[in-house]
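A.B. asks: Here it is, the structure in full.
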Amino acid sequence: MPKISRSGRADEALKASQIAVSSFDENALIRKMADNSRPVREKALKALAQYLATPQTLDQLKLKKLCKGIFYAMWYCDRPITQQNLASEIATLPEKIKSKNYWNFVNSFWTVLIREWHSIDSHRINKFYLLIRRFFFALMVHLYESKWSSEELDSYINSMATGPLNVDNPKVPHAIRLHLCDIYFDEIDRLREQADEIPYSELLSPIEALANFSSFKIIKARAKDALSDPRLREWGLKETSEAFVSSEEELDDWEGFD
């Protein structure tokens, strides 16, 4: 039997992965992620992680379909510990993707979450808040592991500005913006346990944009409250006391969550 060179084996592996991708039934996977059976959903998520790791270009439409399946995997998850584990597993999915697809996946995740948010009932809302928290922290870890690459920071800021922290898009539910304002500095503070240096000024920019330019009074007020967090002074940032507005002054016109 003729010997196969290392490069030959690599080529064969690449061809095999391409064949697997071309024969992959995305619709079947999405249905399984939304299945009532937990073992079926768990198996589907593992298959998704393997699929995302293949060397391919994933377009936005394909990613949105997959993220909708992820949304319903969380929807049907009904035990606290299982919900926590699933939220962590979903949050780490982008890291399994090749770098060229990373932000496409992140943006698709936010797009689907924003679009489907109004379907979430009061019994399910907390697990989706947990998912947002875990996903956001995973983004912070990604930026840290990129050594705070200017390109990655720009991609992050753009992702937040065009997605969940958009200053004036009425389609973004207030609840998502408010929750991110509430957890933003908690999760950055959590990252400080493993990160020596953090570019606070760059990370603050999405919240500062809300505080300065949001079209919604309740969002602008919450962002300004967030920027008055005393931890910012501890981190060497000038306290933006002039940006602080008492929530009571802004709540009069608020008619509740979207």
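Letters A, B, ... go to the chains of the structure tokens in the order shown; residues in each chain start at 1; ligands are counted from 1 in the same order.
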Show me, as a PyMOL selection string, the residues that have an atom within 7 Å of range 54-71 of chain A when counting only C-alpha atoms, minus same-chain residues fewer than 6 positions from it.

C.D. replies: chain A and resi 17+30+33-34+98+101+104-105+108-109+112

A.B. asks: Mind writing the picked residues with C-alpha atoms as a short mmCIF file (atom, residue, chain, number, x, y, z; two decimals), in the first residue's frame?

C.D. replies:
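Output file result-v2.cif is given in full below:
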```
data_model
loop_
_atom_site.label_atom_id
_atom_site.label_comp_id
_atom_site.auth_asym_id
_atom_site.auth_seq_id
_atom_site.Cartn_x
_atom_site.Cartn_y
_atom_site.Cartn_z
CA SER A 17 -15.29 17.57 6.21
CA ILE A 30 -33.06 22.64 13.98
CA MET A 33 -32.86 21.29 18.89
CA ALA A 34 -36.51 22.23 19.39
CA LYS A 98 -13.59 29.52 12.63
CA ASN A 101 -17.59 33.22 11.10
CA ASN A 104 -21.52 36.50 11.96
CA PHE A 105 -22.67 33.95 14.52
CA SER A 108 -27.18 36.19 14.19
CA PHE A 109 -27.65 35.19 17.84
CA VAL A 112 -32.84 35.99 16.58
#
```

A.B. asks: Name all residues at most 10 Å from Glu197 in chain A (count only C-alpha atoms; drop same-chain ones fewer than 4 positions away) and give them as a ChimeraX atom specification.

C.D. replies: /A:144,147-148,192

A.B. asks: Counting only C-alpha atoms, what are the residues of range 196-239 of chain A within 6 Å of range 160-182 of chain A, and for each of them which pair of atoms is the nearest and at what distance in Å, to one decimal? Sort the table by chain and rising number, as a tab-separated table.

C.D. replies:
```
residue	atom	partner	partner_atom	distance
A:Leu210	CA	A:Val167	CA	5.4
A:Ser214	CA	A:Val167	CA	4.3
A:Ser215	CA	A:Asp168	CA	5.1
A:Ala223	CA	A:Cys181	CA	6.0
```

A.B. asks: Enumerate as a ChimeraX atom specification all residues of range 95-251 of chain A assigned to helix (DSSP H, G or I) by DSSP on the backbone, naming them with the chain letters and numbers the document uses.

C.D. replies: /A:95-96,99-119,125-145,150-162,174-191,200-213,217-227,231-234,241-243,247-251

A.B. asks: Would you save the residues from that selection as a short mmCIF file (atom, residue, chain, number, x, y, z; two decimals), in the first residue's frame, using C-alpha atoms?

C.D. replies:
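Final output, part09.cif:
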```cif
data_model
loop_
_atom_site.label_atom_id
_atom_site.label_comp_id
_atom_site.auth_asym_id
_atom_site.auth_seq_id
_atom_site.Cartn_x
_atom_site.Cartn_y
_atom_site.Cartn_z
CA GLU A 95 -15.55 29.80 20.09
CA LYS A 96 -15.95 26.57 18.14
CA SER A 99 -12.63 33.15 13.14
CA LYS A 100 -14.15 34.33 9.86
CA ASN A 101 -17.59 33.22 11.10
CA TYR A 102 -17.32 34.32 14.73
CA TRP A 103 -19.03 37.72 14.55
CA ASN A 104 -21.52 36.50 11.96
CA PHE A 105 -22.67 33.95 14.52
CA VAL A 106 -22.76 36.51 17.35
CA ASN A 107 -24.77 38.94 15.24
CA SER A 108 -27.18 36.19 14.19
CA PHE A 109 -27.65 35.19 17.84
CA TRP A 110 -28.63 38.75 18.80
CA THR A 111 -30.88 39.13 15.74
CA VAL A 112 -32.84 35.99 16.58
CA LEU A 113 -33.07 36.80 20.28
CA ILE A 114 -34.39 40.29 19.51
CA ARG A 115 -36.89 38.95 16.98
CA GLU A 116 -38.20 36.14 19.22
CA TRP A 117 -38.12 38.00 22.56
CA HIS A 118 -41.80 38.95 22.56
CA SER A 119 -42.76 35.27 22.48
CA ILE A 125 -37.93 34.95 31.00
CA ASN A 126 -35.33 34.34 33.72
CA LYS A 127 -33.52 31.59 31.83
CA PHE A 128 -33.18 33.89 28.83
CA TYR A 129 -31.80 36.63 31.08
CA LEU A 130 -29.28 34.03 32.26
CA LEU A 131 -28.45 33.19 28.65
CA ILE A 132 -27.77 36.86 27.89
CA ARG A 133 -25.47 37.12 30.91
CA ARG A 134 -23.49 33.99 29.98
CA PHE A 135 -23.28 34.97 26.31
CA PHE A 136 -22.09 38.48 27.15
CA PHE A 137 -19.38 37.17 29.48
CA ALA A 138 -18.22 34.78 26.77
CA LEU A 139 -17.81 37.80 24.47
CA MET A 140 -15.63 39.47 27.11
CA VAL A 141 -13.50 36.33 27.38
CA HIS A 142 -13.16 36.21 23.60
CA LEU A 143 -11.91 39.80 23.50
CA TYR A 144 -9.47 39.09 26.33
CA GLU A 145 -8.13 35.98 24.57
CA SER A 150 -8.35 46.48 17.90
CA GLU A 151 -10.10 44.60 15.09
CA GLU A 152 -11.99 42.40 17.54
CA LEU A 153 -12.89 45.37 19.75
CA ASP A 154 -14.24 47.22 16.71
CA SER A 155 -16.27 44.15 15.73
CA TYR A 156 -17.64 43.88 19.26
CA ILE A 157 -18.63 47.56 19.45
CA ASN A 158 -20.28 47.35 16.03
CA SER A 159 -22.12 44.16 17.01
CA MET A 160 -23.58 45.77 20.13
CA ALA A 161 -24.35 49.07 18.38
CA THR A 162 -26.25 47.40 15.56
CA HIS A 174 -36.28 47.48 26.18
CA ALA A 175 -35.88 44.45 28.46
CA ILE A 176 -32.76 43.32 26.59
CA ARG A 177 -31.13 46.76 26.74
CA LEU A 178 -32.03 47.21 30.41
CA HIS A 179 -30.69 43.80 31.36
CA LEU A 180 -27.40 44.42 29.57
CA CYS A 181 -27.07 47.77 31.35
CA ASP A 182 -27.66 45.99 34.67
CA ILE A 183 -25.09 43.23 34.14
CA TYR A 184 -22.51 45.04 31.99
CA PHE A 185 -20.06 46.05 34.69
CA ASP A 186 -20.73 42.98 36.84
CA GLU A 187 -19.43 40.77 34.04
CA ILE A 188 -16.46 43.04 33.29
CA ASP A 189 -15.65 42.96 37.00
CA ARG A 190 -15.84 39.18 36.87
CA LEU A 191 -13.37 39.17 33.98
CA TYR A 200 -12.31 49.96 29.90
CA SER A 201 -12.81 53.04 27.75
CA GLU A 202 -13.47 50.98 24.63
CA LEU A 203 -15.78 48.57 26.45
CA LEU A 204 -17.76 51.46 27.90
CA SER A 205 -18.58 52.97 24.51
CA PRO A 206 -21.84 51.02 23.83
CA ILE A 207 -23.25 52.11 27.22
CA GLU A 208 -22.04 55.68 26.72
CA ALA A 209 -23.78 55.74 23.34
CA LEU A 210 -27.05 54.75 25.02
CA ALA A 211 -26.59 57.39 27.72
CA ASN A 212 -25.90 60.12 25.18
CA PHE A 213 -28.00 59.22 22.16
CA LYS A 217 -35.89 57.92 28.16
CA ILE A 218 -35.93 54.75 30.26
CA ILE A 219 -32.91 53.38 28.38
CA LYS A 220 -30.99 56.63 28.56
CA ALA A 221 -31.65 56.83 32.32
CA ARG A 222 -30.56 53.25 32.97
CA ALA A 223 -27.37 53.71 30.93
CA LYS A 224 -26.52 56.87 32.88
CA ASP A 225 -27.16 55.04 36.13
CA ALA A 226 -24.80 52.29 34.98
CA LEU A 227 -22.09 54.83 34.18
CA ARG A 231 -16.35 50.62 40.28
CA LEU A 232 -15.52 52.83 37.30
CA ARG A 233 -13.56 55.12 39.62
CA GLU A 234 -11.78 52.09 41.09
CA SER A 241 -21.45 62.09 37.57
CA GLU A 242 -22.83 64.60 35.09
CA ALA A 243 -24.21 61.67 33.09
CA SER A 247 -34.35 56.88 37.56
CA GLU A 248 -37.35 58.53 39.18
CA GLU A 249 -37.04 61.51 36.84
CA GLU A 250 -37.28 59.27 33.80
CA LEU A 251 -39.74 56.59 34.85
#
```

A.B. asks: Which residues, written as a PyMOL selection string, have at least one atom at most 9 Å from Cys77 in chain A, with only C-alpha atoms counted and residues fewer than 4 positions away on the same chain left out?

C.D. replies: chain A and resi 36+38+72-73+82-83+86+127

A.B. asks: Output N, CA and C atoms of each residue in that selection to a file, as a compact mmCIF listing (two decimals), in the first residue's frame.

C.D. replies:
```txt
# COMPACT_ATOMS: atom_id res chain seq x y z
N ASN A 36 -39.00 18.14 22.23
CA ASN A 36 -39.40 18.10 23.64
C ASN A 36 -38.47 17.24 24.48
N ARG A 38 -35.13 16.05 26.11
CA ARG A 38 -33.82 16.62 26.44
C ARG A 38 -32.66 15.86 25.81
N TYR A 72 -34.89 27.76 20.68
CA TYR A 72 -35.91 26.83 21.14
C TYR A 72 -35.33 25.71 21.99
N ALA A 73 -34.06 25.42 21.84
CA ALA A 73 -33.43 24.48 22.77
C ALA A 73 -33.49 25.06 24.18
N THR A 82 -30.01 22.32 34.63
CA THR A 82 -29.89 22.05 33.19
C THR A 82 -29.88 23.35 32.40
N GLN A 83 -30.70 24.32 32.83
CA GLN A 83 -30.72 25.62 32.17
C GLN A 83 -29.37 26.33 32.28
N LEU A 86 -26.93 24.57 29.99
CA LEU A 86 -27.22 24.85 28.59
C LEU A 86 -26.82 26.27 28.21
N LYS A 127 -34.58 32.41 32.45
CA LYS A 127 -33.52 31.59 31.83
C LYS A 127 -32.94 32.29 30.60
```

A.B. asks: Just want the 12 Å neighbourhood of Lys46 in chain A, counted on only C-alpha atoms, with same-chain residues fewer than 6 positions away dropped. Output as an NGL selection string.

C.D. replies: :A and (29 or 32-33 or 39-40 or 52-53 or 70 or 86 or 89-90 or 92-93 or 96)
